[in-house]
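Student: Dropping in start-v9.txt, with compact mmCIF, N, CA and C atoms.
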```txt
# COMPACT_ATOMS: atom_id res chain seq x y z
N MET A 1 -16.35 22.30 15.56
CA MET A 1 -16.71 22.82 14.26
C MET A 1 -17.84 21.98 13.67
N THR A 2 -18.90 22.62 13.22
CA THR A 2 -20.03 21.94 12.64
C THR A 2 -19.77 21.67 11.16
N GLU A 3 -19.98 20.43 10.77
CA GLU A 3 -19.80 20.08 9.37
C GLU A 3 -21.15 20.15 8.66
N ASP A 4 -21.10 20.55 7.39
CA ASP A 4 -22.33 20.58 6.61
C ASP A 4 -22.76 19.16 6.28
N PRO A 5 -24.04 18.94 5.99
CA PRO A 5 -24.54 17.59 5.73
C PRO A 5 -23.83 16.88 4.58
N LEU A 6 -23.52 17.61 3.51
CA LEU A 6 -22.84 16.98 2.38
C LEU A 6 -21.47 16.46 2.78
N SER A 7 -20.73 17.23 3.56
CA SER A 7 -19.41 16.79 4.03
C SER A 7 -19.52 15.56 4.92
N LEU A 8 -20.51 15.53 5.78
CA LEU A 8 -20.72 14.36 6.64
C LEU A 8 -21.01 13.12 5.80
N THR A 9 -21.84 13.29 4.78
CA THR A 9 -22.20 12.16 3.92
C THR A 9 -20.99 11.67 3.14
N LEU A 10 -20.25 12.60 2.53
CA LEU A 10 -19.08 12.20 1.75
C LEU A 10 -18.03 11.54 2.63
N ASN A 11 -17.85 12.04 3.84
CA ASN A 11 -16.92 11.41 4.78
C ASN A 11 -17.36 9.98 5.10
N ALA A 12 -18.65 9.80 5.33
CA ALA A 12 -19.16 8.47 5.64
C ALA A 12 -18.97 7.52 4.46
N LEU A 13 -19.16 8.03 3.25
CA LEU A 13 -19.03 7.19 2.05
C LEU A 13 -17.57 6.91 1.68
N ALA A 14 -16.64 7.60 2.30
CA ALA A 14 -15.22 7.45 1.96
C ALA A 14 -14.65 6.10 2.38
N ASP A 15 -15.31 5.41 3.26
CA ASP A 15 -14.78 4.15 3.79
C ASP A 15 -15.48 2.96 3.13
N PRO A 16 -14.71 1.99 2.61
CA PRO A 16 -15.32 0.85 1.94
C PRO A 16 -16.19 -0.02 2.85
N THR A 17 -15.84 -0.11 4.12
CA THR A 17 -16.68 -0.89 5.05
C THR A 17 -18.04 -0.24 5.19
N ARG A 18 -18.07 1.07 5.32
CA ARG A 18 -19.35 1.76 5.46
C ARG A 18 -20.17 1.64 4.17
N ARG A 19 -19.52 1.70 3.02
CA ARG A 19 -20.25 1.52 1.75
C ARG A 19 -20.83 0.10 1.68
N ALA A 20 -20.08 -0.89 2.16
CA ALA A 20 -20.59 -2.27 2.17
C ALA A 20 -21.78 -2.41 3.12
N ILE A 21 -21.72 -1.72 4.24
CA ILE A 21 -22.85 -1.75 5.19
C ILE A 21 -24.08 -1.14 4.53
N LEU A 22 -23.91 -0.02 3.84
CA LEU A 22 -25.04 0.61 3.15
C LEU A 22 -25.60 -0.30 2.06
N ALA A 23 -24.71 -0.99 1.35
CA ALA A 23 -25.16 -1.92 0.31
C ALA A 23 -26.02 -3.02 0.93
N ARG A 24 -25.59 -3.53 2.06
CA ARG A 24 -26.37 -4.56 2.75
C ARG A 24 -27.70 -4.02 3.20
N LEU A 25 -27.71 -2.80 3.73
CA LEU A 25 -28.96 -2.20 4.21
C LEU A 25 -29.90 -1.84 3.08
N SER A 26 -29.39 -1.72 1.86
CA SER A 26 -30.27 -1.44 0.72
C SER A 26 -31.20 -2.63 0.45
N LEU A 27 -30.85 -3.80 1.01
CA LEU A 27 -31.70 -4.99 0.87
C LEU A 27 -32.79 -5.04 1.92
N GLY A 28 -32.67 -4.21 2.96
CA GLY A 28 -33.67 -4.18 4.02
C GLY A 28 -33.04 -4.04 5.39
N GLU A 29 -33.90 -3.79 6.37
CA GLU A 29 -33.45 -3.64 7.76
C GLU A 29 -32.74 -4.89 8.24
N THR A 30 -31.77 -4.68 9.11
CA THR A 30 -31.06 -5.81 9.71
C THR A 30 -30.44 -5.38 11.04
N THR A 31 -30.01 -6.35 11.80
CA THR A 31 -29.42 -6.06 13.11
C THR A 31 -27.92 -5.78 12.97
N VAL A 32 -27.37 -5.21 14.02
CA VAL A 32 -25.94 -4.92 14.06
C VAL A 32 -25.14 -6.22 13.94
N ASN A 33 -25.56 -7.26 14.63
CA ASN A 33 -24.85 -8.55 14.56
C ASN A 33 -24.83 -9.10 13.13
N GLU A 34 -25.95 -8.99 12.44
CA GLU A 34 -26.01 -9.47 11.05
C GLU A 34 -25.13 -8.61 10.15
N LEU A 35 -25.09 -7.32 10.41
CA LEU A 35 -24.24 -6.44 9.62
C LEU A 35 -22.76 -6.75 9.84
N ALA A 36 -22.42 -7.16 11.05
CA ALA A 36 -21.02 -7.41 11.41
C ALA A 36 -20.49 -8.73 10.85
N GLU A 37 -21.38 -9.68 10.54
CA GLU A 37 -20.96 -11.03 10.14
C GLU A 37 -19.90 -11.07 9.03
N PRO A 38 -20.06 -10.35 7.91
CA PRO A 38 -19.08 -10.51 6.83
C PRO A 38 -17.73 -9.83 7.07
N PHE A 39 -17.62 -9.05 8.12
CA PHE A 39 -16.39 -8.29 8.35
C PHE A 39 -15.51 -8.96 9.40
N GLN A 40 -14.22 -8.90 9.18
CA GLN A 40 -13.28 -9.46 10.15
C GLN A 40 -12.85 -8.34 11.10
N MET A 41 -13.82 -7.89 11.89
CA MET A 41 -13.54 -6.86 12.88
C MET A 41 -14.47 -7.07 14.06
N SER A 42 -14.13 -6.44 15.15
CA SER A 42 -14.93 -6.59 16.37
C SER A 42 -16.27 -5.87 16.23
N LEU A 43 -17.20 -6.28 17.06
CA LEU A 43 -18.51 -5.64 17.08
C LEU A 43 -18.39 -4.16 17.45
N PRO A 44 -17.52 -3.77 18.41
CA PRO A 44 -17.35 -2.34 18.69
C PRO A 44 -16.82 -1.56 17.47
N ALA A 45 -15.97 -2.19 16.66
CA ALA A 45 -15.46 -1.51 15.45
C ALA A 45 -16.59 -1.29 14.46
N VAL A 46 -17.46 -2.27 14.29
CA VAL A 46 -18.62 -2.12 13.40
C VAL A 46 -19.53 -1.03 13.95
N SER A 47 -19.71 -1.00 15.26
CA SER A 47 -20.55 0.02 15.89
C SER A 47 -20.02 1.43 15.62
N LYS A 48 -18.70 1.58 15.59
CA LYS A 48 -18.12 2.89 15.27
C LYS A 48 -18.48 3.31 13.85
N HIS A 49 -18.43 2.36 12.92
CA HIS A 49 -18.83 2.66 11.55
C HIS A 49 -20.30 3.07 11.50
N LEU A 50 -21.13 2.36 12.25
CA LEU A 50 -22.56 2.67 12.27
C LEU A 50 -22.81 4.06 12.84
N LYS A 51 -22.03 4.47 13.84
CA LYS A 51 -22.19 5.81 14.41
C LYS A 51 -21.88 6.88 13.37
N VAL A 52 -20.85 6.66 12.54
CA VAL A 52 -20.51 7.62 11.48
C VAL A 52 -21.66 7.70 10.48
N LEU A 53 -22.20 6.54 10.10
CA LEU A 53 -23.32 6.51 9.15
C LEU A 53 -24.56 7.17 9.74
N GLU A 54 -24.78 6.95 11.02
CA GLU A 54 -25.94 7.54 11.70
C GLU A 54 -25.79 9.05 11.80
N LYS A 55 -24.59 9.53 12.14
CA LYS A 55 -24.33 10.96 12.25
C LYS A 55 -24.56 11.66 10.90
N ALA A 56 -24.24 10.96 9.81
CA ALA A 56 -24.44 11.51 8.47
C ALA A 56 -25.90 11.40 8.02
N GLY A 57 -26.72 10.73 8.80
CA GLY A 57 -28.13 10.58 8.45
C GLY A 57 -28.38 9.49 7.43
N LEU A 58 -27.37 8.65 7.18
CA LEU A 58 -27.50 7.59 6.18
C LEU A 58 -28.20 6.34 6.70
N ILE A 59 -28.23 6.18 8.02
CA ILE A 59 -28.95 5.07 8.62
C ILE A 59 -29.70 5.57 9.85
N SER A 60 -30.68 4.80 10.24
CA SER A 60 -31.37 5.04 11.51
C SER A 60 -31.42 3.72 12.24
N ARG A 61 -31.49 3.82 13.54
CA ARG A 61 -31.59 2.62 14.37
C ARG A 61 -32.81 2.76 15.26
N SER A 62 -33.56 1.68 15.34
CA SER A 62 -34.74 1.68 16.20
C SER A 62 -34.53 0.63 17.29
N ARG A 63 -35.42 0.63 18.23
CA ARG A 63 -35.31 -0.34 19.31
C ARG A 63 -36.63 -1.11 19.40
N THR A 64 -36.53 -2.43 19.21
CA THR A 64 -37.67 -3.31 19.35
C THR A 64 -37.26 -4.38 20.35
N LYS A 65 -37.75 -4.24 21.58
CA LYS A 65 -37.34 -5.11 22.68
C LYS A 65 -35.82 -5.07 22.79
N GLN A 66 -35.13 -6.21 22.67
CA GLN A 66 -33.67 -6.17 22.76
C GLN A 66 -33.00 -6.01 21.40
N TRP A 67 -33.77 -5.92 20.33
CA TRP A 67 -33.22 -5.75 18.98
C TRP A 67 -33.02 -4.29 18.66
N ARG A 68 -31.96 -4.00 17.93
CA ARG A 68 -31.71 -2.62 17.46
C ARG A 68 -31.46 -2.68 15.96
N PRO A 69 -32.54 -2.87 15.18
CA PRO A 69 -32.35 -2.96 13.74
C PRO A 69 -31.89 -1.63 13.12
N CYS A 70 -31.08 -1.76 12.08
CA CYS A 70 -30.59 -0.59 11.34
C CYS A 70 -31.34 -0.53 10.02
N LYS A 71 -31.56 0.70 9.56
CA LYS A 71 -32.32 0.92 8.34
C LYS A 71 -31.63 1.99 7.51
N LEU A 72 -31.57 1.79 6.20
CA LEU A 72 -30.99 2.77 5.29
C LEU A 72 -31.90 3.98 5.19
N GLU A 73 -31.32 5.17 5.24
CA GLU A 73 -32.04 6.43 5.04
C GLU A 73 -31.45 7.08 3.78
N PRO A 74 -32.15 7.04 2.65
CA PRO A 74 -31.56 7.44 1.37
C PRO A 74 -31.47 8.95 1.11
N GLU A 75 -32.09 9.78 1.91
CA GLU A 75 -32.12 11.22 1.61
C GLU A 75 -30.73 11.84 1.43
N PRO A 76 -29.76 11.55 2.30
CA PRO A 76 -28.43 12.13 2.07
C PRO A 76 -27.80 11.70 0.74
N LEU A 77 -28.13 10.49 0.27
CA LEU A 77 -27.61 10.03 -1.01
C LEU A 77 -28.23 10.84 -2.15
N LYS A 78 -29.48 11.24 -2.01
CA LYS A 78 -30.13 12.10 -3.01
C LYS A 78 -29.41 13.45 -3.08
N GLN A 79 -28.98 13.96 -1.94
CA GLN A 79 -28.27 15.23 -1.91
C GLN A 79 -26.91 15.12 -2.59
N VAL A 80 -26.23 14.00 -2.40
CA VAL A 80 -24.95 13.78 -3.09
C VAL A 80 -25.19 13.69 -4.59
N ASP A 81 -26.24 12.99 -4.99
CA ASP A 81 -26.56 12.86 -6.41
C ASP A 81 -26.87 14.23 -7.03
N ALA A 82 -27.59 15.07 -6.30
CA ALA A 82 -27.90 16.41 -6.81
C ALA A 82 -26.62 17.24 -6.96
N TRP A 83 -25.72 17.14 -6.00
CA TRP A 83 -24.46 17.86 -6.07
C TRP A 83 -23.63 17.37 -7.26
N LEU A 84 -23.56 16.06 -7.42
CA LEU A 84 -22.81 15.49 -8.54
C LEU A 84 -23.48 15.81 -9.88
N GLY A 85 -24.78 16.00 -9.86
CA GLY A 85 -25.52 16.31 -11.08
C GLY A 85 -25.01 17.56 -11.78
N GLU A 86 -24.57 18.54 -11.02
CA GLU A 86 -24.02 19.75 -11.62
C GLU A 86 -22.75 19.44 -12.39
N TYR A 87 -21.92 18.58 -11.87
CA TYR A 87 -20.69 18.18 -12.55
C TYR A 87 -21.00 17.28 -13.74
N ARG A 88 -22.03 16.46 -13.59
CA ARG A 88 -22.45 15.59 -14.69
C ARG A 88 -22.86 16.43 -15.88
N LYS A 89 -23.61 17.51 -15.63
CA LYS A 89 -24.02 18.41 -16.72
C LYS A 89 -22.81 19.00 -17.43
N MET A 90 -21.81 19.43 -16.65
CA MET A 90 -20.61 20.01 -17.23
C MET A 90 -19.92 19.01 -18.15
N TRP A 91 -19.76 17.77 -17.68
CA TRP A 91 -19.09 16.76 -18.49
C TRP A 91 -19.89 16.41 -19.73
N GLU A 92 -21.20 16.35 -19.61
CA GLU A 92 -22.04 16.06 -20.78
C GLU A 92 -21.88 17.17 -21.82
N GLN A 93 -21.84 18.42 -21.40
CA GLN A 93 -21.64 19.53 -22.33
C GLN A 93 -20.28 19.43 -23.01
N ARG A 94 -19.26 19.09 -22.25
CA ARG A 94 -17.93 18.94 -22.84
C ARG A 94 -17.89 17.80 -23.85
N PHE A 95 -18.51 16.70 -23.52
CA PHE A 95 -18.54 15.57 -24.46
C PHE A 95 -19.35 15.93 -25.72
N ASP A 96 -20.44 16.67 -25.54
CA ASP A 96 -21.22 17.11 -26.69
C ASP A 96 -20.39 17.99 -27.61
N ARG A 97 -19.60 18.91 -27.04
CA ARG A 97 -18.73 19.77 -27.85
C ARG A 97 -17.66 18.95 -28.56
N LEU A 98 -17.08 17.98 -27.86
CA LEU A 98 -16.08 17.12 -28.47
C LEU A 98 -16.70 16.32 -29.60
N ASP A 99 -17.89 15.78 -29.39
CA ASP A 99 -18.58 15.01 -30.42
C ASP A 99 -18.85 15.88 -31.64
N ALA A 100 -19.31 17.11 -31.42
CA ALA A 100 -19.57 18.03 -32.54
C ALA A 100 -18.27 18.32 -33.30
N TYR A 101 -17.19 18.51 -32.59
CA TYR A 101 -15.90 18.77 -33.24
C TYR A 101 -15.46 17.56 -34.05
N LEU A 102 -15.56 16.37 -33.47
CA LEU A 102 -15.13 15.16 -34.16
C LEU A 102 -15.94 14.92 -35.44
N LYS A 103 -17.19 15.32 -35.45
CA LYS A 103 -18.03 15.17 -36.64
C LYS A 103 -17.59 16.09 -37.77
N THR A 104 -16.84 17.16 -37.42
CA THR A 104 -16.36 18.07 -38.47
C THR A 104 -15.10 17.55 -39.15
N LEU A 105 -14.49 16.53 -38.59
CA LEU A 105 -13.27 15.98 -39.16
C LEU A 105 -13.60 14.91 -40.20
N LYS A 106 -12.85 14.91 -41.29
CA LYS A 106 -13.00 13.87 -42.31
C LYS A 106 -12.19 12.66 -41.83
N PRO A 107 -12.48 11.49 -42.38
CA PRO A 107 -11.73 10.29 -41.97
C PRO A 107 -10.21 10.43 -42.17
N ASP A 108 -9.77 11.21 -43.17
CA ASP A 108 -8.34 11.33 -43.40
C ASP A 108 -7.69 12.41 -42.55
N GLY A 109 -8.45 13.04 -41.66
CA GLY A 109 -7.90 14.04 -40.76
C GLY A 109 -8.11 15.48 -41.22
N GLU A 110 -8.68 15.68 -42.41
CA GLU A 110 -8.93 17.03 -42.91
C GLU A 110 -10.20 17.58 -42.26
N VAL A 111 -10.23 18.91 -42.10
CA VAL A 111 -11.40 19.57 -41.53
C VAL A 111 -12.32 19.96 -42.67
N HIS A 112 -13.63 19.82 -42.50
CA HIS A 112 -14.64 20.21 -43.51
C HIS A 112 -14.59 21.69 -43.75
```
Starting from the file, lay out its structure as structure tokens.
Tutor:
Amino acid sequence: MTEDPLSLTLNALADPTRRAILARLSLGETTVNELAEPFQMSLPAVSKHLKVLEKAGLISRSRTKQWRPCKLEPEPLKQVDAWLGEYRKMWEQRFDRLDAYLKTLKPDGEVH
């Protein structure tokens, strides 16, 4: 079954280790070994996380001699932000209506 890009991205972001890896990559390219350092897990386990991130398009890996640096690819995050933006608009409208209602109330609880 083929998953849509948004589902792949949200699945990748669901894991705190993968979010930490993305946070580290937001500082710049780095190697798999450097990414693995702060985690108490094996290098193959970190590689599995990287494969999920790569499948979602959140990272890319290049090959320079024996180095395989990883790089953050922000486009899928922009798509998540756009999707969430629709919900953000809804909540802002609801808060605006609540604010307008609260302004109609007097301090003692009476309605104008």
Student: May I ask for the distance between atom C of Leu8 (chain A) and atom N of Ala56 (chain A), given in Å to one decimal place?
Tutor: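 The value is 5.6 Å.
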Student: How far is it from CA of Glu75 (chain A) to CA of Leu35 (chain A), in Å with one decimal?
Tutor: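 Taking CA of Glu75 (chain A) as the start and CA of Leu35 (chain A) as the end point, the length is 20.9 Å.
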Student: One decimal, in Å: what's the spacing between CA of Pro74 (chain A) and atom C of Gly28 (chain A)?
Tutor: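 Result for CA of Pro74 (chain A) versus atom C of Gly28 (chain A): 12.3 Å, one decimal.
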Student: With distances taken over only N, CA and C atoms, which of A:Gly57, A:Lys103, A:Lys78, A:Leu72 is nearest to Leu22 (chain A)?
Tutor: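 Checking each of A:Gly57, A:Lys103, A:Lys78, A:Leu72 against Leu22 (chain A), counting only N, CA and C atoms, the winner is A:Leu72.
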Student: When distances are computed from all atoms listed in the file, which of A:Pro69, A:Pro44, A:Pro76, A:Pro38 shows the smallest separation from Thr9 (chain A)?
Tutor: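 Smallest distance to Thr9 (chain A) is found for A:Pro76.
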Student: Taking all atoms listed in the file into account, name the residue in A:Leu84, A:Leu25, A:Met90, A:Ala20 that is nearest to Lys71 (chain A).
Tutor: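 Closest to Lys71 (chain A), using all atoms listed in the file: A:Leu25.
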Student: Might you pull out every residue within 8 Å of Arg68 (chain A), with only C-alpha atoms counted and same-chain residues fewer than 4 positions away left off, and present them as a CSV table (one decimal) with N, CA and C atoms, in the frame of the given file?
Tutor:
```
chain,number,residue,atom,x,y,z
A,31,THR,N,-30.0,-6.4,11.8
A,31,THR,CA,-29.4,-6.1,13.1
A,31,THR,C,-27.9,-5.8,13.0
A,32,VAL,N,-27.4,-5.2,14.0
A,32,VAL,CA,-25.9,-4.9,14.1
A,32,VAL,C,-25.1,-6.2,13.9
A,61,ARG,N,-31.5,3.8,13.5
A,61,ARG,CA,-31.6,2.6,14.4
A,61,ARG,C,-32.8,2.8,15.3
A,62,SER,N,-33.6,1.7,15.3
A,62,SER,CA,-34.7,1.7,16.2
A,62,SER,C,-34.5,0.6,17.3
A,63,ARG,N,-35.4,0.6,18.2
A,63,ARG,CA,-35.3,-0.3,19.3
A,63,ARG,C,-36.6,-1.1,19.4
A,64,THR,N,-36.5,-2.4,19.2
A,64,THR,CA,-37.7,-3.3,19.4
A,64,THR,C,-37.3,-4.4,20.4
```
Student: Which is closer to Glu73 (chain A) than all the others in A:Arg88, A:Glu34, A:Glu54, A:Ile21, using only C-alpha atoms?
Tutor: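 Of A:Arg88, A:Glu34, A:Glu54, A:Ile21, the one nearest Glu73 (chain A), counting only C-alpha atoms, is A:Glu54.
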Student: Report the residues of chain A whose backbone DSSP state falls under helix (DSSP H, G or I), written as a PyMOL selection string.
Tutor: chain A and resi 5-13+16-25+32-36+43-55+75-103
Student: Could you pull region 6-18 of chain A out of the block above and give me all heavy atoms, as a CSV table (one decimal), in the first residue's frame?
Tutor:
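Result went into part.csv, see below:
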```csv
chain,number,residue,atom,x,y,z
A,6,LEU,N,2.2,13.2,3.2
A,6,LEU,CA,1.9,13.7,4.5
A,6,LEU,C,1.9,12.7,5.6
A,6,LEU,O,2.5,12.8,6.7
A,6,LEU,CB,0.6,14.5,4.5
A,6,LEU,CG,0.2,15.2,5.8
A,6,LEU,CD1,1.2,16.2,6.2
A,6,LEU,CD2,-1.2,15.8,5.6
A,7,SER,N,1.4,11.5,5.3
A,7,SER,CA,1.3,10.4,6.2
A,7,SER,C,2.8,9.9,6.5
A,7,SER,O,3.1,9.6,7.7
A,7,SER,CB,0.5,9.2,5.7
A,7,SER,OG,-0.9,9.6,5.6
A,8,LEU,N,3.6,9.8,5.5
A,8,LEU,CA,5.0,9.4,5.7
A,8,LEU,C,5.7,10.4,6.6
A,8,LEU,O,6.4,10.0,7.5
A,8,LEU,CB,5.7,9.3,4.4
A,8,LEU,CG,5.3,8.1,3.4
A,8,LEU,CD1,6.0,8.3,2.1
A,8,LEU,CD2,5.7,6.8,4.1
A,9,THR,N,5.5,11.7,6.4
A,9,THR,CA,6.1,12.7,7.2
A,9,THR,C,5.6,12.6,8.6
A,9,THR,O,6.4,12.7,9.6
A,9,THR,CB,5.9,14.1,6.6
A,9,THR,OG1,6.4,14.1,5.3
A,9,THR,CG2,6.6,15.2,7.4
A,10,LEU,N,4.3,12.6,8.8
A,10,LEU,CA,3.8,12.5,10.2
A,10,LEU,C,4.2,11.3,10.9
A,10,LEU,O,4.6,11.3,12.1
A,10,LEU,CB,2.3,12.6,10.2
A,10,LEU,CG,1.7,14.0,9.7
A,10,LEU,CD1,0.2,13.9,9.6
A,10,LEU,CD2,2.1,15.1,10.7
A,11,ASN,N,4.3,10.2,10.2
A,11,ASN,CA,4.8,8.9,10.8
A,11,ASN,C,6.3,9.1,11.3
A,11,ASN,O,6.7,8.7,12.4
A,11,ASN,CB,4.7,7.8,9.8
A,11,ASN,CG,5.3,6.5,10.4
A,11,ASN,OD1,4.8,6.0,11.5
A,11,ASN,ND2,6.3,5.9,9.7
A,12,ALA,N,7.1,9.7,10.4
A,12,ALA,CA,8.5,9.9,10.7
A,12,ALA,C,8.6,10.9,11.9
A,12,ALA,O,9.5,10.6,12.8
A,12,ALA,CB,9.2,10.5,9.5
A,13,LEU,N,7.8,11.9,12.0
A,13,LEU,CA,7.8,12.8,13.1
A,13,LEU,C,7.3,12.3,14.4
A,13,LEU,O,7.4,12.9,15.5
A,13,LEU,CB,7.1,14.1,12.8
A,13,LEU,CG,7.7,14.9,11.6
A,13,LEU,CD1,6.7,16.1,11.2
A,13,LEU,CD2,9.0,15.4,12.0
A,14,ALA,N,6.6,11.1,14.4
A,14,ALA,CA,6.0,10.6,15.6
A,14,ALA,C,7.0,10.0,16.6
A,14,ALA,O,6.6,9.9,17.8
A,14,ALA,CB,5.0,9.5,15.2
A,15,ASP,N,8.2,9.8,16.2
A,15,ASP,CA,9.2,9.2,17.1
A,15,ASP,C,10.1,10.3,17.6
A,15,ASP,O,10.7,11.1,16.9
A,15,ASP,CB,10.0,8.2,16.3
A,15,ASP,CG,10.9,7.5,17.2
A,15,ASP,OD1,12.1,8.0,17.4
A,15,ASP,OD2,10.6,6.4,17.7
A,16,PRO,N,10.3,10.4,19.0
A,16,PRO,CA,11.2,11.4,19.5
A,16,PRO,C,12.6,11.3,19.1
A,16,PRO,O,13.3,12.4,19.0
A,16,PRO,CB,11.0,11.2,21.0
A,16,PRO,CG,10.4,9.9,21.2
A,16,PRO,CD,9.7,9.5,20.0
A,17,THR,N,13.1,10.1,18.8
A,17,THR,CA,14.5,10.0,18.3
A,17,THR,C,14.7,10.6,17.0
A,17,THR,O,15.6,11.3,16.7
A,17,THR,CB,14.9,8.5,18.3
A,17,THR,OG1,14.8,7.9,19.6
A,17,THR,CG2,16.3,8.3,17.8
A,18,ARG,N,13.7,10.4,16.1
A,18,ARG,CA,13.8,11.0,14.8
A,18,ARG,C,13.6,12.5,14.8
A,18,ARG,O,14.3,13.2,14.1
A,18,ARG,CB,12.7,10.3,13.9
A,18,ARG,CG,13.0,8.9,13.6
A,18,ARG,CD,12.2,8.3,12.4
A,18,ARG,NE,10.8,8.1,12.8
A,18,ARG,CZ,10.4,6.9,13.2
A,18,ARG,NH1,11.2,5.9,13.4
A,18,ARG,NH2,9.1,6.7,13.5
```
